[in-house]
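Working notes, beginning with the structure itself.
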Amino acid sequence: MTRREFIQFVLKTASAIAVGAYVISKKVSPRKFIRAVRNKKYPGSIKQLSNINTQGKWNG
Amino acid sequence: MRINIDGVLRTVVHSYPCSLHIDPVEKKPFFHFLPGTRTLSLATVGCNLHCKNCQNWEISQANPEDSQAFFCPPERLVELARTNQCTSLAYTYTDPVIYYEYTLDTSKLAKTADVRNILVTAGYINQEPWKKLLQYVDAARIDLKSISDDFYRENCSATLKPVLDSLVLTKSCGVHLEVINLVIPTLNDKPEQIGELVRWVKANLGNDTPLHFSQFYPQYKMRHLPPTSAQTLDMARRTAISEGIQYVYIGNIASRQGQNTYCPGCKKLLIERSGYTVLQNRLKEGCCPDCGQKIYGVWK
């Protein structure tokens, strides 16, 4: 192995290890943000929109 | 409110409010934000806190599968607000943080349609999503339930620091802010506890931030405690005023002075209220008509 080939081997190996470590760390660390997508179906029951021109009975 | 289906996180309450009403903005309560206007108020079921004293526990502690809801996507909400002459949409009753995605999508749309967005929340949220939402928000009324972390842990299944951070971020982002404190007998009604809370508000949010003290009424898992007395609420108001807070109100109880807005400069009456009704509003361009002092708020 020439000196040039040895340096190329070291660089390739190091970069492969770095990329692998990065990918693995991204997979194992929890994502900081995840946006939930809208579910089309409501698990409860659906009612018709009634008169909204009344004050809410709830606080706030 | 969110479920993992095949590795995809889904929100099941998006577009499904369980409650939708037109309220006066004073009911939220907002006393320094477009007084006398109507706000289309909505909530989905659920809450990220579990307060033992919750006054809306029937919807805040409910599961979607046990509840009834309307189908009302963001476009429909904005349309309803406009056709019913509501100047704002209020995300309220439970907590807009629990239906964050719905709040965010609706807020974006409302902003483009010239409908204001107001949040009624406990402010228990991380800073990054809060900052993202605040871009579209015109006003926030945030609960500061106590200045004690133990109180939050024992009574709300939450912690204090995220709430304090949300309050500071809201004010620093230039969003109109009003703070409310529910005074609960034996838990957070000591003069020193109220004094500490008031001093924190003054030091971190400024003395112009409106502060509401609200009467506790026995509810949910705190039916063993009595309602807050008028004397205790008066004491809280006096404490806040003596510490230099300019606008202090009392809610959930009849109080003549505790419902009105007075000029911090000349002490003259500016806005007179009775319940949720504005009897007179003497403000001129957001200023006191007598001494010209600018009054904190959104007035047009």
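Order determines the names: the first chain of the structure tokens is A, the second B, and so forth; residues in each chain are numbered 1 upward, and ligands are numbered 1 upward as they are shown.
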List as a Markdown table every residue of chain B that is in contact with chain A, defined as an atom at most 8 Å from one of its atoms (using only C-alpha atoms), together with the nearest atom pair and the distance in Å rounded to one decimal, sorted by chain and then rising number.
```
| residue | atom | partner | partner_atom | distance |
| --- | --- | --- | --- | --- |
| B:Arg2 | CA | A:Ala36 | CA | 7.2 |
| B:Val8 | CA | A:Ala36 | CA | 7.6 |
| B:Leu9 | CA | A:Ala36 | CA | 4.8 |
| B:Arg10 | CA | A:Val37 | CA | 4.7 |
| B:Thr11 | CA | A:Arg38 | CA | 5.2 |
| B:Val12 | CA | A:Asn39 | CA | 5.1 |
| B:Val13 | CA | A:Tyr42 | CA | 6.9 |
| B:His14 | CA | A:Arg38 | CA | 5.9 |
| B:Tyr16 | CA | A:Tyr42 | CA | 7.3 |
| B:Ser19 | CA | A:Gly56 | CA | 7.6 |
| B:Leu20 | CA | A:Ile52 | CA | 6.0 |
| B:His21 | CA | A:Ile52 | CA | 4.5 |
| B:Ile22 | CA | A:Asn53 | CA | 5.4 |
| B:Asp23 | CA | A:Gln55 | CA | 5.0 |
| B:Pro24 | CA | A:Gln55 | CA | 7.9 |
| B:Lys27 | CA | A:Gly60 | CA | 6.1 |
| B:Lys28 | CA | A:Gly60 | CA | 4.4 |
| B:Pro29 | CA | A:Gly60 | CA | 6.7 |
| B:Ser41 | CA | A:Gly56 | CA | 7.9 |
| B:Gln55 | CA | A:Asn59 | CA | 6.5 |
| B:Asn56 | CA | A:Trp58 | CA | 5.9 |
| B:Pro64 | CA | A:Gly44 | CA | 5.3 |
| B:Glu65 | CA | A:Gly44 | CA | 3.9 |
| B:Asp66 | CA | A:Gly44 | CA | 5.6 |
| B:Ser67 | CA | A:Gly44 | CA | 5.2 |
| B:Gln68 | CA | A:Ser45 | CA | 4.8 |
| B:Ala69 | CA | A:Ile46 | CA | 5.1 |
| B:Phe70 | CA | A:Lys47 | CA | 5.4 |
| B:Phe71 | CA | A:Ile46 | CA | 7.1 |
| B:Thr92 | CA | A:Gly60 | CA | 6.1 |
| B:Tyr93 | CA | A:Gly60 | CA | 5.2 |
| B:Glu101 | CA | A:Ala36 | CA | 7.3 |
| B:Val120 | CA | A:Gly60 | CA | 7.0 |
```
Near Cys263 of chain B, within 8 Å and counting only C-alpha atoms, which residues show up once chain neighbours fewer than 6 positions away are dropped, as a PDB file with C-alpha atoms, in the first residue's frame?
```
ATOM      1  CA  LEU B 269     -62.825  56.273  35.963  1.00  0.00           C
ATOM      2  CA  LEU B 270     -62.078  55.211  32.389  1.00  0.00           C
ATOM      3  CA  CYS B 288     -57.157  58.987  29.452  1.00  0.00           C
ATOM      4  CA  GLN B 293     -51.996  59.044  29.991  1.00  0.00           C
ATOM      5  CA  ILE B 295     -53.458  53.061  28.814  1.00  0.00           C
TER       6      ILE B 295
END
```
>> Taking only chain A into account, list the residues labelled strand (DSSP E) by DSSP (computed from the backbone), as an NGL selection string.
In response: :A and (37-38 or 45-46)
>> For the helix (DSSP H, G or I) assignment from backbone DSSP, which residues of segment 110-171 of chain B qualify? Please present them as an MDAnalysis selection string.
In response: chainID B and resid 110:112 127:134 149:156 161:171
> Leu119 of chain B: which residues within 12 Å, counting only C-alpha atoms, same-chain residues fewer than 4 positions away excluded, as number ranges by chain?
Replying inline: A: 60; B: 25, 28-30, 33, 39-43, 88-97, 99-100, 103-104, 107, 123, 130, 133-134, 136-143, 170, 175-179
